[in-house]
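Undergrad: The structure's right below; bear with me while I get my questions together.
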Amino acid sequence: MALSDFIADLDSLATDAESAFAKATASDALEAARVEFLGAKGGRLKAIQKGMGQVEKGDKPAAGQKLNAVKKAIEEAFELAKSRLAETASAAGGTDDPFDPTLPGHPLRLGRLHPITQTIERMKEIMGRLGFTAVEGPEIEDDWHNFEALNIPLSHPARDPLDNFYLTSSPAAEAASPLLLRSQTSTVQIRVMEQVLANAVAGEAAPSVRIVSLGRVYRPDTADATHYPMFHQIEGLLIDRGVTMADLKSVLRMFCQSYYHTDDRGAGVAEVPADDVQIRFRPSFFPFTEPSVEVDINWQGGWMEIGGAGMVDPNVLRAVGYDPEEVTGFAFGMGVERIAMRQHNITDIRDLYTNDARFLAQF
Ligand code: PHE
């Protein structure tokens, strides 16, 4: 084969390739052209390269040089066409690229905290600002912490097996020390006071206490719109020298006002000025406080009972080892569900615990 024919074949191939690349308007067409001209198997350049064998021996170096030059030119033409296509594609909004980083993406369904958990977190946060540390206590309790130390004697109706979830059934076990699911968070008062007194240094002033405890309590009530065998309470306890009923009232008023009105950071449940949230005390009785009160709050035009409170009974202070002549204190216990239900206009407590995601997703 004459060198001139070989060179002519390469030149016409280069022209064909360049015009094919230039014509391609989409990346798949360009790729097809690349395979046609530069393909390692069956490509047209490869076919001409095979003809090298027929070129005169003396002409081979010149033929090889020409082959390399044309190959380089075709490859450059391909790269040029490729970047031209990429530019038009991005100018047109990237339609040629299956991944578009500017699209908003698929909507994510975010989970959220249960409304009761939200309420608990908010209560902890407000009481924390008033200096009360959140503590926890066990849900399985003994007689001493649920009743005895709280000045609830054996004869008291609150200890009736029909009103409590006792965990032991044999009479012998019950006589020794019956266990039960706690019926109130007041158990934590006893546990905390016992603990701080156990750690107290002998001879020094009696330790003070300022805690809240939020958690589950259990009573064998038949479930209806306002009752459930399990619910949550927030318990507060403050023990110090010179604590009075006025302190109790201030703390509860500040708590309710913070809870129900929107603060400067926008955290709140209702657009009401703090002064519009009022509380009132009604005389009551609890074995572990004296005097005792029921606490009502006025919000959205009606009084609602939110819990019980009072000055810690001297018998309770003595039971854990405080001297009632040295310290006094107040305690309160409120229903978490009741406050959350009123806030969200939930009318049936059972809705909170059937775990219907369509219901819960509203809060
Ligand atoms: N433990 C009481 C209840 O469950 C509430 C309470 C707590 C009352 C603390 C007074 C002081 O009803």
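Residues in the structure tokens are named by chain (A, B, ... in the order shown) and by number from 1 within that chain; ligands are numbered from 1 in the order shown.
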Taking the chain letters and numbering used in this document, name the residues of segment 126-329 of chain A that DSSP puts in alpha helix (DSSP H), as a PDB file with C-alpha atoms, in the first residue's frame.

TA:
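Written out: states_12.pdb:
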ATOM      1  CA  ILE A 126     -39.384  26.412  83.692  1.00  0.00           C
ATOM      2  CA  MET A 127     -38.758  24.843  87.099  1.00  0.00           C
ATOM      3  CA  GLY A 128     -35.058  24.717  86.246  1.00  0.00           C
ATOM      4  CA  ARG A 129     -35.079  28.482  85.797  1.00  0.00           C
ATOM      5  CA  ASP A 143     -44.769   0.620 101.333  1.00  0.00           C
ATOM      6  CA  TRP A 144     -42.434   2.979 103.155  1.00  0.00           C
ATOM      7  CA  HIS A 145     -41.872   5.434 100.299  1.00  0.00           C
ATOM      8  CA  ASN A 146     -45.377   5.321  98.831  1.00  0.00           C
ATOM      9  CA  PRO A 171     -50.170 -12.612 102.373  1.00  0.00           C
ATOM     10  CA  ALA A 172     -46.754 -13.410 103.849  1.00  0.00           C
ATOM     11  CA  ALA A 173     -44.962 -11.299 101.264  1.00  0.00           C
ATOM     12  CA  GLU A 174     -47.441  -8.469 101.729  1.00  0.00           C
ATOM     13  CA  ALA A 175     -46.944  -8.462 105.453  1.00  0.00           C
ATOM     14  CA  ALA A 176     -43.179  -8.273 105.073  1.00  0.00           C
ATOM     15  CA  THR A 187     -42.471   8.925  96.840  1.00  0.00           C
ATOM     16  CA  VAL A 188     -39.598  10.917  95.335  1.00  0.00           C
ATOM     17  CA  GLN A 189     -39.879  13.508  98.137  1.00  0.00           C
ATOM     18  CA  ILE A 190     -38.984  10.791 100.627  1.00  0.00           C
ATOM     19  CA  ARG A 191     -36.193   9.322  98.503  1.00  0.00           C
ATOM     20  CA  VAL A 192     -34.535  12.695  97.934  1.00  0.00           C
ATOM     21  CA  MET A 193     -34.764  13.807 101.570  1.00  0.00           C
ATOM     22  CA  GLU A 194     -33.370  10.468 102.762  1.00  0.00           C
ATOM     23  CA  GLN A 195     -30.507  10.763 100.315  1.00  0.00           C
ATOM     24  CA  VAL A 196     -29.458  14.322 101.144  1.00  0.00           C
ATOM     25  CA  LEU A 197     -29.642  13.536 104.867  1.00  0.00           C
ATOM     26  CA  ALA A 198     -27.551  10.395 104.391  1.00  0.00           C
ATOM     27  CA  MET A 245     -46.864  29.193 102.262  1.00  0.00           C
ATOM     28  CA  ALA A 246     -46.114  32.519 100.527  1.00  0.00           C
ATOM     29  CA  ASP A 247     -43.097  30.898  98.836  1.00  0.00           C
ATOM     30  CA  LEU A 248     -45.290  28.046  97.659  1.00  0.00           C
ATOM     31  CA  LYS A 249     -47.811  30.420  96.191  1.00  0.00           C
ATOM     32  CA  SER A 250     -45.153  32.522  94.431  1.00  0.00           C
ATOM     33  CA  VAL A 251     -43.447  29.522  92.897  1.00  0.00           C
ATOM     34  CA  LEU A 252     -46.712  28.024  91.640  1.00  0.00           C
ATOM     35  CA  ARG A 253     -47.889  31.350  90.280  1.00  0.00           C
ATOM     36  CA  MET A 254     -44.621  31.940  88.467  1.00  0.00           C
ATOM     37  CA  PHE A 255     -44.695  28.398  87.133  1.00  0.00           C
ATOM     38  CA  CYS A 256     -48.232  28.751  85.750  1.00  0.00           C
ATOM     39  CA  GLN A 257     -47.560  32.177  84.281  1.00  0.00           C
ATOM     40  CA  SER A 258     -44.400  30.954  82.559  1.00  0.00           C
ATOM     41  CA  TYR A 259     -46.138  27.862  81.311  1.00  0.00           C
ATOM     42  CA  TYR A 260     -49.159  29.576  79.843  1.00  0.00           C
ATOM     43  CA  PRO A 314     -43.767  17.733 110.446  1.00  0.00           C
ATOM     44  CA  ASN A 315     -44.393  13.975 110.655  1.00  0.00           C
ATOM     45  CA  VAL A 316     -42.894  13.569 107.168  1.00  0.00           C
ATOM     46  CA  LEU A 317     -39.862  15.680 108.084  1.00  0.00           C
ATOM     47  CA  ARG A 318     -39.353  13.583 111.218  1.00  0.00           C
ATOM     48  CA  ALA A 319     -39.802  10.308 109.308  1.00  0.00           C
ATOM     49  CA  VAL A 320     -36.775  11.044 107.124  1.00  0.00           C
TER      50      VAL A 320
END

Undergrad: Skip Met311 of chain A itself and residues of its chain fewer than 4 positions away, then list as a PDB file with C-alpha atoms, in the first residue's frame all residues within 8 Å of it, counting only C-alpha atoms.

TA:
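Okay, this is what ended up in selection.pdb:
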ATOM      1  CA  THR A 244     -43.590  29.595 104.094  1.00  0.00           C
ATOM      2  CA  MET A 245     -46.864  29.193 102.262  1.00  0.00           C
ATOM      3  CA  THR A 289     -48.893  18.273 104.017  1.00  0.00           C
ATOM      4  CA  GLU A 290     -50.316  20.587 106.648  1.00  0.00           C
ATOM      5  CA  PRO A 291     -51.931  22.899 105.779  1.00  0.00           C
ATOM      6  CA  SER A 292     -52.958  21.428 102.426  1.00  0.00           C
ATOM      7  CA  THR A 328     -39.803  23.802 106.875  1.00  0.00           C
ATOM      8  CA  GLY A 329     -40.806  23.123 103.315  1.00  0.00           C
ATOM      9  CA  PHE A 330     -43.504  22.971 100.715  1.00  0.00           C
ATOM     10  CA  ALA A 331     -44.520  20.278  98.264  1.00  0.00           C
TER      11      ALA A 331
END

Undergrad: What residues have any atom no more than 6 Å from ligand 1 when counting only C-alpha atoms and all ligand atoms, and can you list them as a PyMOL selection string?

TA: chain A and resi 184+186+286+289+308-310+331-333

Undergrad: Show which residues sit within 9 Å of segment 45-59 of chain A, as a list in words. Count only C-alpha atoms, and ignore same-chain residues fewer than 6 positions away.

TA: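 The contact residues come out as Met1, Ala2, Leu3, Phe6, Asp9, Leu10, Leu13, Glu36, Phe37, Leu38, Gly39, Leu67, Val70 and Lys71 of chain A.
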
Undergrad: Restricting the calculation to only C-alpha atoms, which member of A:Phe285, A:Phe363, A:Phe99, A:Phe132 is positioned closest to Ser208 of chain A?

TA: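 Smallest separation from Ser208 of chain A among the options: A:Phe132.
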
Undergrad: Skip Phe165 of chain A itself and residues of its chain fewer than 4 positions away, then list as a VMD selection string all residues within 7 Å of it, counting only C-alpha atoms.

TA: chain A and resid 180 to 181 219 to 220

Undergrad: Just want the 12 Å neighbourhood of Glu125 of chain A, counted on only C-alpha atoms, with same-chain residues fewer than 5 positions away dropped. Output as a ChimeraX atom specification.

TA: /A:118-120,130-134,212,214,255,258-259,267-268

Undergrad: Generate a file of the selected residues that holds C-alpha atoms, formatted as a PDB file, in the first residue's frame.

TA:
ATOM      1  CA  GLN A 118     -43.071  18.025  75.230  1.00  0.00           C
ATOM      2  CA  THR A 119     -45.058  19.158  78.266  1.00  0.00           C
ATOM      3  CA  ILE A 120     -42.624  17.458  80.650  1.00  0.00           C
ATOM      4  CA  LEU A 130     -36.598  28.738  89.288  1.00  0.00           C
ATOM      5  CA  GLY A 131     -33.682  26.700  90.616  1.00  0.00           C
ATOM      6  CA  PHE A 132     -35.349  23.293  90.888  1.00  0.00           C
ATOM      7  CA  THR A 133     -33.261  20.295  89.827  1.00  0.00           C
ATOM      8  CA  ALA A 134     -35.095  17.498  88.007  1.00  0.00           C
ATOM      9  CA  VAL A 212     -38.929  18.515  90.767  1.00  0.00           C
ATOM     10  CA  LEU A 214     -41.772  14.163  86.608  1.00  0.00           C
ATOM     11  CA  PHE A 255     -44.695  28.398  87.133  1.00  0.00           C
ATOM     12  CA  SER A 258     -44.400  30.954  82.559  1.00  0.00           C
ATOM     13  CA  TYR A 259     -46.138  27.862  81.311  1.00  0.00           C
ATOM     14  CA  ALA A 267     -41.554  29.911  73.992  1.00  0.00           C
ATOM     15  CA  GLY A 268     -45.035  29.489  75.332  1.00  0.00           C
TER      16      GLY A 268
END

Undergrad: Between A:Tyr228, A:Asp296, A:Tyr322, A:Ala86, which is the closest to Asp240 of chain A once you count only C-alpha atoms?

TA: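 Comparing A:Tyr228, A:Asp296, A:Tyr322, A:Ala86 against Asp240 of chain A, the winner is A:Tyr322.
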
Undergrad: For Ala206 of chain A, which of A:Val327, A:Ala91, A:Ala62, A:Val336 is the closest residue, counting only C-alpha atoms?

TA: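 Ranked by minimum distance to Ala206 of chain A, first place goes to A:Val327.
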
Undergrad: From the list A:Gly302, A:Pro153, A:Gly105, A:Gly335, which residue is nearest Arg216 of chain A when using only C-alpha atoms?

TA: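 When distances to Arg216 of chain A are compared using only C-alpha atoms, the smallest one comes from A:Gly335.
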
Undergrad: Which is closest to Val243 of chain A among A:Val312, A:Ile7, A:Ile211, A:Ile297, if we use only C-alpha atoms?

TA: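 Answer, going by the shortest atom-to-atom distance: A:Val312.
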
Undergrad: Restricting the calculation to only C-alpha atoms, which member of A:Ser183, A:Thr347, A:Ser83, A:Asn164 is positioned closest to Ala24 of chain A?

TA: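 Of A:Ser183, A:Thr347, A:Ser83, A:Asn164, the one nearest Ala24 of chain A is A:Ser83, counting only C-alpha atoms.
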
Undergrad: Please return as a PDB file with N, CA and C atoms, in the first residue's frame: the residues of segment 196-295 of chain A that backbone DSSP assigns to strand (DSSP E).

TA:
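So out35.pdb came out as:
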ATOM      1  N   VAL A 209     -33.282  21.338 100.075  1.00  0.00           N
ATOM      2  CA  VAL A 209     -33.694  20.529  98.929  1.00  0.00           C
ATOM      3  C   VAL A 209     -34.502  21.426  98.003  1.00  0.00           C
ATOM      4  N   ARG A 210     -34.279  21.286  96.710  1.00  0.00           N
ATOM      5  CA  ARG A 210     -35.083  22.049  95.747  1.00  0.00           C
ATOM      6  C   ARG A 210     -35.173  21.224  94.474  1.00  0.00           C
ATOM      7  N   ILE A 211     -36.156  20.360  94.403  1.00  0.00           N
ATOM      8  CA  ILE A 211     -36.236  19.416  93.272  1.00  0.00           C
ATOM      9  C   ILE A 211     -37.633  19.395  92.633  1.00  0.00           C
ATOM     10  N   VAL A 212     -37.666  18.949  91.387  1.00  0.00           N
ATOM     11  CA  VAL A 212     -38.929  18.515  90.767  1.00  0.00           C
ATOM     12  C   VAL A 212     -38.712  17.105  90.262  1.00  0.00           C
ATOM     13  N   SER A 213     -39.790  16.344  90.214  1.00  0.00           N
ATOM     14  CA  SER A 213     -39.694  15.003  89.656  1.00  0.00           C
ATOM     15  C   SER A 213     -40.913  14.786  88.779  1.00  0.00           C
ATOM     16  N   LEU A 214     -40.668  14.384  87.544  1.00  0.00           N
ATOM     17  CA  LEU A 214     -41.772  14.163  86.608  1.00  0.00           C
ATOM     18  C   LEU A 214     -41.744  12.725  86.156  1.00  0.00           C
ATOM     19  N   GLY A 215     -42.877  12.051  86.305  1.00  0.00           N
ATOM     20  CA  GLY A 215     -42.861  10.655  85.879  1.00  0.00           C
ATOM     21  C   GLY A 215     -44.226  10.017  85.965  1.00  0.00           C
ATOM     22  N   ARG A 216     -44.224   8.709  85.645  1.00  0.00           N
ATOM     23  CA  ARG A 216     -45.469   7.943  85.581  1.00  0.00           C
ATOM     24  C   ARG A 216     -45.935   7.501  86.963  1.00  0.00           C
ATOM     25  N   VAL A 217     -47.244   7.493  87.141  1.00  0.00           N
ATOM     26  CA  VAL A 217     -47.856   6.914  88.337  1.00  0.00           C
ATOM     27  C   VAL A 217     -49.000   6.012  87.885  1.00  0.00           C
ATOM     28  N   TYR A 218     -49.418   5.102  88.781  1.00  0.00           N
ATOM     29  CA  TYR A 218     -50.362   4.046  88.372  1.00  0.00           C
ATOM     30  C   TYR A 218     -51.484   3.894  89.383  1.00  0.00           C
ATOM     31  N   MET A 230     -52.582   4.684  83.981  1.00  0.00           N
ATOM     32  CA  MET A 230     -51.231   5.239  84.085  1.00  0.00           C
ATOM     33  C   MET A 230     -51.322   6.690  83.669  1.00  0.00           C
ATOM     34  N   PHE A 231     -50.703   7.567  84.425  1.00  0.00           N
ATOM     35  CA  PHE A 231     -50.619   8.966  83.996  1.00  0.00           C
ATOM     36  C   PHE A 231     -49.356   9.582  84.583  1.00  0.00           C
ATOM     37  N   HIS A 232     -49.147  10.863  84.345  1.00  0.00           N
ATOM     38  CA  HIS A 232     -47.900  11.502  84.785  1.00  0.00           C
ATOM     39  C   HIS A 232     -48.175  12.609  85.804  1.00  0.00           C
ATOM     40  N   GLN A 233     -47.260  12.750  86.725  1.00  0.00           N
ATOM     41  CA  GLN A 233     -47.350  13.860  87.674  1.00  0.00           C
ATOM     42  C   GLN A 233     -46.046  14.647  87.666  1.00  0.00           C
ATOM     43  N   ILE A 234     -46.157  15.913  88.025  1.00  0.00           N
ATOM     44  CA  ILE A 234     -44.961  16.706  88.346  1.00  0.00           C
ATOM     45  C   ILE A 234     -45.015  16.974  89.837  1.00  0.00           C
ATOM     46  N   GLU A 235     -43.954  16.582  90.525  1.00  0.00           N
ATOM     47  CA  GLU A 235     -43.856  16.753  91.972  1.00  0.00           C
ATOM     48  C   GLU A 235     -42.801  17.808  92.245  1.00  0.00           C
ATOM     49  N   GLY A 236     -43.056  18.697  93.166  1.00  0.00           N
ATOM     50  CA  GLY A 236     -42.045  19.680  93.555  1.00  0.00           C
ATOM     51  C   GLY A 236     -41.830  19.624  95.056  1.00  0.00           C
ATOM     52  N   LEU A 237     -40.583  19.841  95.466  1.00  0.00           N
ATOM     53  CA  LEU A 237     -40.289  19.850  96.907  1.00  0.00           C
ATOM     54  C   LEU A 237     -39.218  20.888  97.188  1.00  0.00           C
ATOM     55  N   LEU A 238     -39.488  21.744  98.181  1.00  0.00           N
ATOM     56  CA  LEU A 238     -38.476  22.715  98.614  1.00  0.00           C
ATOM     57  C   LEU A 238     -38.381  22.645 100.137  1.00  0.00           C
ATOM     58  N   ILE A 239     -37.185  22.388 100.625  1.00  0.00           N
ATOM     59  CA  ILE A 239     -36.949  22.323 102.074  1.00  0.00           C
ATOM     60  C   ILE A 239     -35.830  23.303 102.405  1.00  0.00           C
ATOM     61  N   ASP A 240     -36.066  24.150 103.375  1.00  0.00           N
ATOM     62  CA  ASP A 240     -35.020  25.096 103.777  1.00  0.00           C
ATOM     63  C   ASP A 240     -35.435  25.744 105.093  1.00  0.00           C
ATOM     64  N   GLN A 278     -53.881  33.397  86.492  1.00  0.00           N
ATOM     65  CA  GLN A 278     -53.972  33.513  87.954  1.00  0.00           C
ATOM     66  C   GLN A 278     -54.109  32.138  88.576  1.00  0.00           C
ATOM     67  N   ILE A 279     -53.673  32.026  89.824  1.00  0.00           N
ATOM     68  CA  ILE A 279     -53.914  30.773  90.543  1.00  0.00           C
ATOM     69  C   ILE A 279     -54.685  31.073  91.813  1.00  0.00           C
ATOM     70  N   ARG A 280     -55.365  30.052  92.331  1.00  0.00           N
ATOM     71  CA  ARG A 280     -56.003  30.226  93.638  1.00  0.00           C
ATOM     72  C   ARG A 280     -55.843  28.925  94.430  1.00  0.00           C
ATOM     73  N   PHE A 281     -55.829  29.079  95.746  1.00  0.00           N
ATOM     74  CA  PHE A 281     -55.721  27.933  96.649  1.00  0.00           C
ATOM     75  C   PHE A 281     -57.072  27.685  97.294  1.00  0.00           C
ATOM     76  N   ARG A 282     -57.456  26.420  97.382  1.00  0.00           N
ATOM     77  CA  ARG A 282     -58.644  26.045  98.156  1.00  0.00           C
ATOM     78  C   ARG A 282     -58.202  25.092  99.244  1.00  0.00           C
ATOM     79  N   PRO A 283     -58.705  25.262 100.482  1.00  0.00           N
ATOM     80  CA  PRO A 283     -58.297  24.376 101.581  1.00  0.00           C
ATOM     81  C   PRO A 283     -58.588  22.918 101.244  1.00  0.00           C
ATOM     82  N   SER A 284     -57.677  22.037 101.624  1.00  0.00           N
ATOM     83  CA  SER A 284     -57.864  20.626 101.305  1.00  0.00           C
ATOM     84  C   SER A 284     -57.172  19.774 102.351  1.00  0.00           C
ATOM     85  N   PHE A 285     -57.025  18.505 102.073  1.00  0.00           N
ATOM     86  CA  PHE A 285     -56.303  17.642 103.006  1.00  0.00           C
ATOM     87  C   PHE A 285     -55.434  16.631 102.253  1.00  0.00           C
ATOM     88  N   PHE A 286     -54.179  16.542 102.644  1.00  0.00           N
ATOM     89  CA  PHE A 286     -53.310  15.433 102.246  1.00  0.00           C
ATOM     90  C   PHE A 286     -52.571  14.993 103.505  1.00  0.00           C
ATOM     91  N   THR A 289     -49.054  16.817 103.933  1.00  0.00           N
ATOM     92  CA  THR A 289     -48.893  18.273 104.017  1.00  0.00           C
ATOM     93  C   THR A 289     -49.871  18.842 105.031  1.00  0.00           C
ATOM     94  N   GLU A 290     -49.447  19.915 105.672  1.00  0.00           N
ATOM     95  CA  GLU A 290     -50.316  20.587 106.648  1.00  0.00           C
ATOM     96  C   GLU A 290     -49.863  22.029 106.804  1.00  0.00           C
ATOM     97  N   PRO A 291     -50.632  23.040 106.447  1.00  0.00           N
ATOM     98  CA  PRO A 291     -51.931  22.899 105.779  1.00  0.00           C
ATOM     99  C   PRO A 291     -51.796  22.412 104.343  1.00  0.00           C
ATOM    100  N   SER A 292     -52.925  21.939 103.802  1.00  0.00           N
ATOM    101  CA  SER A 292     -52.958  21.428 102.426  1.00  0.00           C
ATOM    102  C   SER A 292     -53.925  22.256 101.594  1.00  0.00           C
ATOM    103  N   VAL A 293     -53.636  22.341 100.301  1.00  0.00           N
ATOM    104  CA  VAL A 293     -54.534  23.093  99.404  1.00  0.00           C
ATOM    105  C   VAL A 293     -54.696  22.370  98.073  1.00  0.00           C
ATOM    106  N   GLU A 294     -55.807  22.675  97.411  1.00  0.00           N
ATOM    107  CA  GLU A 294     -55.951  22.319  95.996  1.00  0.00           C
ATOM    108  C   GLU A 294     -55.568  23.566  95.223  1.00  0.00           C
ATOM    109  N   VAL A 295     -54.853  23.378  94.121  1.00  0.00           N
ATOM    110  CA  VAL A 295     -54.414  24.523  93.320  1.00  0.00           C
ATOM    111  C   VAL A 295     -55.267  24.587  92.061  1.00  0.00           C
TER     112      VAL A 295
END

Undergrad: What is the distance, in Å and to one decimal place, between atom CA of Pro178 of chain A and atom CA of Asp142 of chain A?

TA: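 The value is 6.1 Å.
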
Undergrad: Can you tell me how far atom CA of Phe359 of chain A sits from atom CA of Pro229 of chain A, in Å to one decimal?

TA: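 Between these atoms lies a distance of 20.6 Å.
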
Undergrad: Atom CA of Ala33 of chain A to atom CA of Phe78 of chain A: how many Å, to one decimal?

TA: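 Distance reported for this atom pair: 8.8 Å.
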